[in-house]
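Peer 1: Handing over structure-v9.csv, CSV, C-alpha atoms and all ligand atoms.
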```
chain,number,residue,atom,x,y,z
A,24,MET,CA,33.9,71.6,21.9
A,25,LYS,CA,34.9,68.2,23.1
A,26,ILE,CA,35.3,68.2,26.9
A,27,ILE,CA,37.4,65.4,28.4
A,28,ILE,CA,37.5,65.1,32.2
A,29,GLU,CA,40.5,63.1,33.6
A,30,ASN,CA,40.9,62.0,37.2
A,31,ASP,CA,43.9,64.1,38.0
A,32,TYR,CA,46.8,66.2,36.7
A,33,THR,CA,48.9,63.1,35.8
A,34,SER,CA,46.2,61.6,33.6
A,35,LEU,CA,45.4,65.0,32.1
A,36,SER,CA,49.1,65.3,31.1
A,37,GLN,CA,49.1,61.8,29.7
A,38,LYS,CA,46.0,62.4,27.6
A,39,ALA,CA,47.5,65.6,26.1
A,40,ALA,CA,50.7,63.8,25.4
A,41,GLU,CA,48.8,61.0,23.6
A,42,GLU,CA,47.0,63.6,21.4
A,43,ILE,CA,50.3,65.2,20.4
A,44,SER,CA,52.0,61.8,19.8
A,45,ALA,CA,49.2,60.7,17.5
A,46,ALA,CA,49.3,64.0,15.7
A,47,ILE,CA,53.1,63.7,15.0
A,48,LYS,CA,52.6,60.1,13.9
A,49,ALA,CA,50.0,61.2,11.5
A,50,ARG,CA,52.0,64.1,10.3
A,51,PRO,CA,55.8,64.0,11.1
A,52,ASP,CA,56.2,67.7,10.0
A,53,LEU,CA,53.5,68.8,12.4
A,54,VAL,CA,53.3,72.6,13.1
A,55,LEU,CA,52.7,72.6,16.9
A,56,GLY,CA,51.7,75.6,19.0
A,57,LEU,CA,53.0,75.5,22.6
A,58,ALA,CA,52.2,77.3,25.9
A,59,SER,CA,54.2,78.0,29.0
A,60,GLY,CA,53.0,78.3,32.6
A,61,LYS,CA,52.7,75.5,35.2
A,62,THR,CA,49.9,73.5,33.5
A,63,PRO,CA,51.9,72.0,30.6
A,64,VAL,CA,54.9,71.0,32.7
A,65,GLY,CA,53.6,67.4,33.2
A,66,LEU,CA,52.8,67.2,29.5
A,67,TYR,CA,56.4,68.3,28.5
A,68,GLU,CA,57.9,65.7,30.9
A,69,ILE,CA,55.9,62.9,29.3
A,70,LEU,CA,56.8,64.1,25.7
A,71,SER,CA,60.5,64.2,26.7
A,72,GLN,CA,60.3,60.6,28.0
A,73,LYS,CA,58.4,59.4,25.0
A,74,CYS,CA,61.0,61.0,22.7
A,75,GLN,CA,63.9,59.5,24.7
A,76,LYS,CA,62.3,56.1,24.4
A,77,GLY,CA,62.0,56.6,20.6
A,78,GLU,CA,58.2,56.7,20.7
A,79,ILE,CA,58.0,60.2,19.1
A,80,ASN,CA,60.3,61.9,16.6
A,81,PHE,CA,60.4,65.7,16.7
A,82,SER,CA,63.1,66.0,14.0
A,83,LYS,CA,60.6,67.5,11.4
A,84,VAL,CA,58.2,69.2,13.8
A,85,SER,CA,58.0,73.0,13.9
A,86,THR,CA,56.9,74.8,17.1
A,87,PHE,CA,55.4,78.3,17.7
A,88,ASN,CA,55.2,79.4,21.2
A,89,LEU,CA,52.2,81.5,22.2
A,90,ASP,CA,53.9,84.2,24.2
A,91,GLU,CA,57.2,85.7,25.4
A,92,LEU,CA,58.3,88.3,27.9
A,93,VAL,CA,60.1,91.4,26.7
A,94,ILE,CA,63.4,90.5,28.4
A,95,ALA,CA,66.7,89.1,27.1
A,96,PRO,CA,65.9,85.7,25.4
A,97,ASP,CA,68.6,84.0,27.5
A,98,ASP,CA,67.3,85.5,30.8
A,99,PRO,CA,66.3,82.5,33.0
A,100,LYS,CA,62.8,84.1,33.3
A,101,SER,CA,62.2,84.1,29.6
A,102,TYR,CA,59.7,81.6,28.2
A,103,ARG,CA,62.4,80.6,25.7
A,104,SER,CA,64.5,79.5,28.7
A,105,TYR,CA,61.5,77.7,30.3
A,106,MET,CA,60.9,75.8,27.0
A,107,GLN,CA,64.5,75.0,26.6
A,108,LYS,CA,64.7,73.6,30.1
A,109,LYS,CA,61.3,71.7,30.2
A,110,LEU,CA,61.2,70.4,26.7
A,111,PHE,CA,63.5,71.5,23.9
A,112,SER,CA,66.8,70.3,25.5
A,113,LYS,CA,65.3,66.9,26.1
A,114,ILE,CA,63.8,66.1,22.6
A,115,ASN,CA,65.3,65.8,19.1
A,116,ILE,CA,63.8,69.0,17.7
A,117,ASN,CA,65.8,71.0,15.2
A,118,PRO,CA,66.6,74.4,16.8
A,119,LYS,CA,65.9,76.1,13.5
A,120,ASN,CA,62.3,74.9,13.7
A,121,ILE,CA,61.6,76.6,17.1
A,122,ASN,CA,59.7,79.9,16.9
A,123,PHE,CA,58.7,82.5,19.5
A,124,PRO,CA,56.7,85.7,19.0
A,125,PRO,CA,59.2,88.5,18.3
A,126,ILE,CA,59.8,91.0,21.1
A,127,GLU,CA,61.0,93.7,18.6
A,128,PRO,CA,58.2,95.8,17.0
A,129,GLY,CA,58.0,95.5,13.2
A,130,LYS,CA,58.6,91.8,13.1
A,131,PHE,CA,55.1,90.6,14.0
A,132,LYS,CA,54.0,90.3,10.3
A,133,GLU,CA,57.0,88.1,9.6
A,134,PHE,CA,56.0,85.8,12.5
A,135,GLU,CA,52.3,85.6,11.3
A,136,ASN,CA,53.5,85.0,7.7
A,137,LYS,CA,55.9,82.2,8.8
A,138,ILE,CA,52.9,80.4,10.4
A,139,ILE,CA,50.9,80.8,7.2
A,140,ASP,CA,53.9,79.7,5.0
A,141,LEU,CA,54.2,76.5,6.9
A,142,GLY,CA,50.5,75.8,6.3
A,143,GLY,CA,49.2,77.1,9.6
A,144,ILE,CA,49.3,75.7,13.1
A,145,ASP,CA,48.0,72.1,13.1
A,146,LEU,CA,47.7,71.8,16.8
A,147,GLN,CA,47.8,74.6,19.4
A,148,ILE,CA,48.2,73.8,23.1
A,149,LEU,CA,46.7,76.4,25.4
A,150,GLY,CA,46.5,77.1,29.2
A,151,ILE,CA,44.1,79.5,30.7
A,152,GLY,CA,44.6,82.3,33.2
A,153,VAL,CA,42.2,82.7,36.2
A,154,ASN,CA,40.7,85.8,34.4
A,155,GLY,CA,40.2,83.8,31.2
A,156,HIS,CA,43.3,85.0,29.3
A,157,ILE,CA,44.8,82.9,26.6
A,158,GLY,CA,48.4,83.6,25.8
A,159,PHE,CA,48.7,87.2,27.1
A,160,ASN,CA,45.4,88.2,25.6
A,161,GLU,CA,43.9,89.7,28.7
A,162,PRO,CA,40.1,90.5,29.1
A,163,GLY,CA,39.1,93.2,26.7
A,164,SER,CA,41.5,92.0,23.9
A,165,SER,CA,39.8,92.1,20.5
A,166,PHE,CA,38.8,88.7,19.0
A,167,ALA,CA,40.5,90.1,15.8
A,168,SER,CA,43.8,90.7,17.5
A,169,LYS,CA,47.0,89.4,15.9
A,170,THR,CA,50.6,89.0,17.3
A,171,ARG,CA,51.6,92.1,19.2
A,172,ILE,CA,53.2,93.6,22.3
A,173,VAL,CA,51.0,94.0,25.4
A,174,GLU,CA,51.6,95.6,28.7
A,175,LEU,CA,51.1,93.5,31.8
A,176,LYS,CA,51.2,94.0,35.5
A,177,ASN,CA,53.1,91.3,37.4
A,178,ASP,CA,52.6,90.5,41.0
A,179,THR,CA,54.7,93.4,42.2
A,180,LEU,CA,52.6,95.8,40.0
A,181,VAL,CA,55.6,96.7,38.0
A,182,LEU,CA,54.5,97.3,34.4
A,183,ARG,CA,56.1,94.7,32.1
A,184,LYS,CA,55.7,94.0,28.5
A,185,ALA,CA,55.1,90.7,26.6
A,186,ALA,CA,54.7,89.6,23.0
A,187,THR,CA,51.7,87.3,22.4
A,188,MET,CA,49.9,85.6,19.5
A,189,GLY,CA,46.6,87.4,19.1
A,190,ILE,CA,43.2,85.8,19.5
A,191,ALA,CA,42.7,85.7,15.7
A,192,THR,CA,46.1,84.0,15.4
A,193,ILE,CA,45.2,81.3,17.9
A,194,MET,CA,41.7,80.8,16.4
A,195,ARG,CA,43.3,80.0,13.0
A,196,ALA,CA,44.9,76.9,14.4
A,197,LYS,CA,43.3,73.8,12.9
A,198,LYS,CA,43.0,72.1,16.2
A,199,ILE,CA,43.2,73.5,19.8
A,200,ILE,CA,43.7,71.7,23.0
A,201,LEU,CA,43.0,73.7,26.1
A,202,LEU,CA,44.4,72.3,29.4
A,203,ALA,CA,43.2,73.3,32.9
A,204,SER,CA,44.0,71.7,36.2
A,205,GLY,CA,43.1,72.4,39.8
A,206,ALA,CA,40.2,74.0,41.8
A,207,LYS,CA,41.5,77.5,41.2
A,208,LYS,CA,40.6,77.1,37.5
A,209,ALA,CA,37.0,75.7,38.1
A,210,GLN,CA,35.2,79.1,38.0
A,211,ILE,CA,36.9,80.4,34.9
A,212,ILE,CA,36.5,77.1,33.1
A,213,PHE,CA,32.7,77.2,33.7
A,214,LYS,CA,32.5,80.8,32.4
A,215,ALA,CA,34.7,80.1,29.4
A,216,LEU,CA,32.9,76.9,28.3
A,217,LYS,CA,29.3,77.6,29.4
A,218,GLY,CA,29.0,81.4,29.7
A,219,PRO,CA,28.4,84.0,26.9
A,220,ILE,CA,31.1,84.5,24.3
A,221,THR,CA,32.6,87.9,25.3
A,222,THR,CA,35.9,89.7,25.2
A,223,ASP,CA,35.6,89.9,29.0
A,224,VAL,CA,36.5,86.2,29.0
A,225,PRO,CA,39.0,85.8,26.1
A,226,ALA,CA,38.9,82.0,26.2
A,227,SER,CA,35.1,82.0,25.7
A,228,ILE,CA,35.8,82.5,21.9
A,229,LEU,CA,37.0,78.9,21.9
A,230,GLN,CA,33.3,77.8,21.9
A,231,GLU,CA,33.3,79.0,18.3
A,232,HIS,CA,36.4,77.0,17.2
A,233,PRO,CA,35.5,74.0,14.9
A,234,ASP,CA,37.9,71.6,16.5
A,235,CYS,CA,38.6,72.4,20.2
A,236,MET,CA,39.3,69.8,22.8
A,237,VAL,CA,39.3,70.8,26.5
A,238,ILE,CA,41.2,68.4,28.8
A,239,LEU,CA,40.4,69.0,32.5
A,240,ASP,CA,41.1,67.3,35.7
A,241,GLU,CA,38.2,66.7,38.1
A,242,GLU,CA,39.0,69.7,40.2
A,243,ALA,CA,38.9,72.1,37.3
A,244,ALA,CA,35.7,70.5,36.0
A,245,VAL,CA,33.8,70.5,39.3
A,246,LEU,CA,31.3,73.2,38.2
A,247,LEU,CA,30.6,71.5,34.9
A,248,THR,CA,29.3,68.2,36.4
B,301,LIG,C1,50.3,82.8,31.8
B,301,LIG,C2,50.6,82.8,30.3
B,301,LIG,C3,49.7,81.8,29.6
B,301,LIG,C4,49.4,80.6,30.5
B,301,LIG,C5,48.5,81.1,31.6
B,301,LIG,C6,48.2,80.0,32.6
B,301,LIG,O1,50.3,84.2,32.3
B,301,LIG,N1,50.6,84.0,29.6
B,301,LIG,O2,50.2,81.5,28.3
B,301,LIG,O3,48.7,79.6,29.7
B,301,LIG,O4,49.0,82.3,32.2
B,301,LIG,O5,49.3,79.7,33.4
B,301,LIG,P1,49.3,78.4,34.4
B,301,LIG,O6,49.4,77.2,33.5
B,301,LIG,O7,50.6,78.6,35.2
B,301,LIG,O8,48.1,78.5,35.3
```
Represent the structure from my file as C-alpha cells, please.
Ligand code: GLP

Peer 2:
Amino acid sequence: MKIIIENDYTSLSQKAAEEISAAIKARPDLVLGLASGKTPVGLYEILSQKCQKGEINFSKVSTFNLDELVIAPDDPKSYRSYMQKKLFSKININPKNINFPPIEPGKFKEFENKIIDLGGIDLQILGIGVNGHIGFNEPGSSFASKTRIVELKNDTLVLRKAATMGIATIMRAKKIILLASGAKKAQIIFKALKGPITTDVPASILQEHPDCMVILDEEAAVLLT
C-alpha cells in the first residue's frame, strides 16, 4: 500500500485527479471504476475542469460505478443522477461507455462479464464508510463476494436495497485509489490500513492488493502519524 498524505481536501482531490489524468494519457481507452458519496466531489470538479480545458479526453474511456440504489435510475437520489450531475454531463464521455451495477436480479453476471471483456478495471476509485465499508459491502461481507443486491438501513431505519460490486470484483481492479478526508474517517483509516485483515472491516482487504494507493488529508491520517 502506498499512503499519500495531502494537506487538505483540495490537494487530496488534485492528487487523485492527477493520477486519473496520467492513467488516461497512458491509456486513452482506460477502464475506470468510480465511486459516489461526498469524498470524490472535489475530484470530479477538477476532472470536469481539466476536460473542459482540453487537458483530458474521456471519449474512449469506459466507466463502471461501484454501487447504485434500487430506485428508478432517473430518480434525483440515484447514483446515476449524482454521476450525471457531478461528472458525466461535464465531460466528453460516450454515454454508451457508462456502466452501473444492475438493479434487476439475473443481470449481475452480465455486468461482471462486461468488466472482464473490456480487460478488467484499470483504475478503481474508492471511498470508505465510517464502518469500513467499500461500495455497499458492509461489515461481514465475504471477501469472495461479487456484484449483488444488498439490503441497507438508511438514516430513517427504512430498509432499502442497493446493488454493489462485490469485494472480489473490486479486488480484481489492476490499481485501486482509496480516498478519505476529514477527522471522522481517522479511526476507520487506522483500522483498515494498520489493523488485522478481517471481514469486520471490509476495507482492510485492500492491504492485500498489489497496487493500492491511499490518498488522505491530514485529518483522516491523524492516527497514522
Ligand atoms: C456510501 C457509498 C460508498 C461511499 C461511502 C463513503 O454509503 N456506498 O460507495 O464510498 O459510503 O461516502 P462519503 O464519501 O460520503 O463519506

Peer 1: Hey, which of A:Thr192, A:Ser71, A:Asn160, A:Ser85 ends up closest to ligand LIG 301 (chain B)? Count only C-alpha atoms and all ligand atoms.

Peer 2: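 Comparing A:Thr192, A:Ser71, A:Asn160, A:Ser85 against ligand LIG 301 (chain B), the winner is A:Asn160.
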
Peer 1: Can I get the residues of chain A within 7 Å of ligand LIG 301 (chain B), each with the closest pair of atoms and their distance in Å to one decimal, using all atoms listed in the file, sorted chain first then ascending number, as JSON lines?

Peer 2:
```
{"residue": "A:Ala58", "atom": "CA", "partner": "B:LIG301", "partner_atom": "O2", "distance": 5.2}
{"residue": "A:Ser59", "atom": "CA", "partner": "B:LIG301", "partner_atom": "O2", "distance": 5.4}
{"residue": "A:Gly60", "atom": "CA", "partner": "B:LIG301", "partner_atom": "O7", "distance": 3.6}
{"residue": "A:Lys61", "atom": "CA", "partner": "B:LIG301", "partner_atom": "O7", "distance": 3.7}
{"residue": "A:Thr62", "atom": "CA", "partner": "B:LIG301", "partner_atom": "O6", "distance": 3.7}
{"residue": "A:Pro63", "atom": "CA", "partner": "B:LIG301", "partner_atom": "O6", "distance": 6.5}
{"residue": "A:Leu89", "atom": "CA", "partner": "B:LIG301", "partner_atom": "O2", "distance": 6.4}
{"residue": "A:Asp90", "atom": "CA", "partner": "B:LIG301", "partner_atom": "O2", "distance": 6.1}
{"residue": "A:Leu149", "atom": "CA", "partner": "B:LIG301", "partner_atom": "O3", "distance": 5.7}
{"residue": "A:Gly150", "atom": "CA", "partner": "B:LIG301", "partner_atom": "O3", "distance": 3.4}
{"residue": "A:Ile151", "atom": "CA", "partner": "B:LIG301", "partner_atom": "C6", "distance": 4.5}
{"residue": "A:Gly152", "atom": "CA", "partner": "B:LIG301", "partner_atom": "C6", "distance": 4.3}
{"residue": "A:His156", "atom": "CA", "partner": "B:LIG301", "partner_atom": "C5", "distance": 6.9}
{"residue": "A:Ile157", "atom": "CA", "partner": "B:LIG301", "partner_atom": "O2", "distance": 5.8}
{"residue": "A:Gly158", "atom": "CA", "partner": "B:LIG301", "partner_atom": "O2", "distance": 3.7}
{"residue": "A:Phe159", "atom": "CA", "partner": "B:LIG301", "partner_atom": "N1", "distance": 4.5}
```

Peer 1: Could you give me, as a Markdown table, every range 196-233 of chain A residue with an atom at most 12 Å from range 132-143 of chain A, plus its closest atom pair and distance in Å to one decimal, counting all atoms listed in the file, rows ordered by chain then number?

Peer 2:
```
| residue | atom | partner | partner_atom | distance |
| --- | --- | --- | --- | --- |
| A:Ala196 | CA | A:Gly143 | CA | 6.4 |
| A:Lys197 | CA | A:Gly143 | CA | 7.5 |
| A:Lys198 | CA | A:Gly143 | CA | 10.3 |
```

Peer 1: Go ahead and dump the residues you just picked, C-alpha atoms, as an mmCIF file, keeping the file's coordinate frame.

Peer 2:
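What ended up in result_18.cif:
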```cif
data_model
loop_
_atom_site.group_PDB
_atom_site.id
_atom_site.type_symbol
_atom_site.label_atom_id
_atom_site.label_comp_id
_atom_site.auth_asym_id
_atom_site.auth_seq_id
_atom_site.Cartn_x
_atom_site.Cartn_y
_atom_site.Cartn_z
ATOM 1 C CA ALA A 196 44.900 76.900 14.400
ATOM 2 C CA LYS A 197 43.300 73.800 12.900
ATOM 3 C CA LYS A 198 43.000 72.100 16.200
#
```

Peer 1: Could you list as a PyMOL selection string every residue that has an atom within 12 Å of (63.7, 77.9, 28.5), using the file's coordinates and counting only C-alpha atoms?

Peer 2: chain A and resi 58-60+64+88+91-92+95-113+121+123

Peer 1: Measuring atom to atom with only C-alpha atoms, identify which of A:Glu68, A:Glu161, A:Glu242, A:Asp52 is nearest to Ser36 in chain A.

Peer 2: A:Glu68

Peer 1: Output range 102-115 of chain A as a CSV table (one decimal), in the frame of the given file, making sure N, CA, C and O atoms are there.

Peer 2:
```csv
chain,number,residue,atom,x,y,z
A,102,TYR,N,60.4,82.9,28.5
A,102,TYR,CA,59.7,81.6,28.2
A,102,TYR,C,60.5,80.7,27.3
A,102,TYR,O,60.4,79.5,27.3
A,103,ARG,N,61.5,81.3,26.5
A,103,ARG,CA,62.4,80.6,25.7
A,103,ARG,C,63.3,79.7,26.7
A,103,ARG,O,63.4,78.5,26.4
A,104,SER,N,63.7,80.3,27.8
A,104,SER,CA,64.5,79.5,28.7
A,104,SER,C,63.7,78.4,29.4
A,104,SER,O,64.2,77.3,29.5
A,105,TYR,N,62.5,78.7,29.7
A,105,TYR,CA,61.5,77.7,30.3
A,105,TYR,C,61.4,76.6,29.3
A,105,TYR,O,61.5,75.4,29.7
A,106,MET,N,61.1,76.9,28.0
A,106,MET,CA,60.9,75.8,27.0
A,106,MET,C,62.1,75.0,26.8
A,106,MET,O,62.0,73.8,26.6
A,107,GLN,N,63.3,75.6,26.8
A,107,GLN,CA,64.5,75.0,26.6
A,107,GLN,C,64.7,73.9,27.7
A,107,GLN,O,65.1,72.8,27.5
A,108,LYS,N,64.5,74.4,29.0
A,108,LYS,CA,64.7,73.6,30.1
A,108,LYS,C,63.7,72.4,30.2
A,108,LYS,O,64.0,71.3,30.5
A,109,LYS,N,62.4,72.7,30.0
A,109,LYS,CA,61.3,71.7,30.2
A,109,LYS,C,61.2,70.8,29.0
A,109,LYS,O,60.7,69.7,29.2
A,110,LEU,N,61.5,71.2,27.8
A,110,LEU,CA,61.2,70.4,26.7
A,110,LEU,C,62.3,70.3,25.6
A,110,LEU,O,62.8,69.3,25.3
A,111,PHE,N,62.7,71.5,25.1
A,111,PHE,CA,63.5,71.5,23.9
A,111,PHE,C,64.9,70.8,24.1
A,111,PHE,O,65.4,70.1,23.2
A,112,SER,N,65.5,70.9,25.3
A,112,SER,CA,66.8,70.3,25.5
A,112,SER,C,66.7,68.8,25.7
A,112,SER,O,67.7,68.1,25.7
A,113,LYS,N,65.4,68.3,25.8
A,113,LYS,CA,65.3,66.9,26.1
A,113,LYS,C,64.7,66.1,24.9
A,113,LYS,O,64.4,64.9,25.0
A,114,ILE,N,64.4,66.8,23.8
A,114,ILE,CA,63.8,66.1,22.6
A,114,ILE,C,64.7,66.4,21.3
A,114,ILE,O,65.6,67.3,21.4
A,115,ASN,N,64.5,65.6,20.3
A,115,ASN,CA,65.3,65.8,19.1
A,115,ASN,C,64.7,66.8,18.1
A,115,ASN,O,64.7,66.6,16.9
```
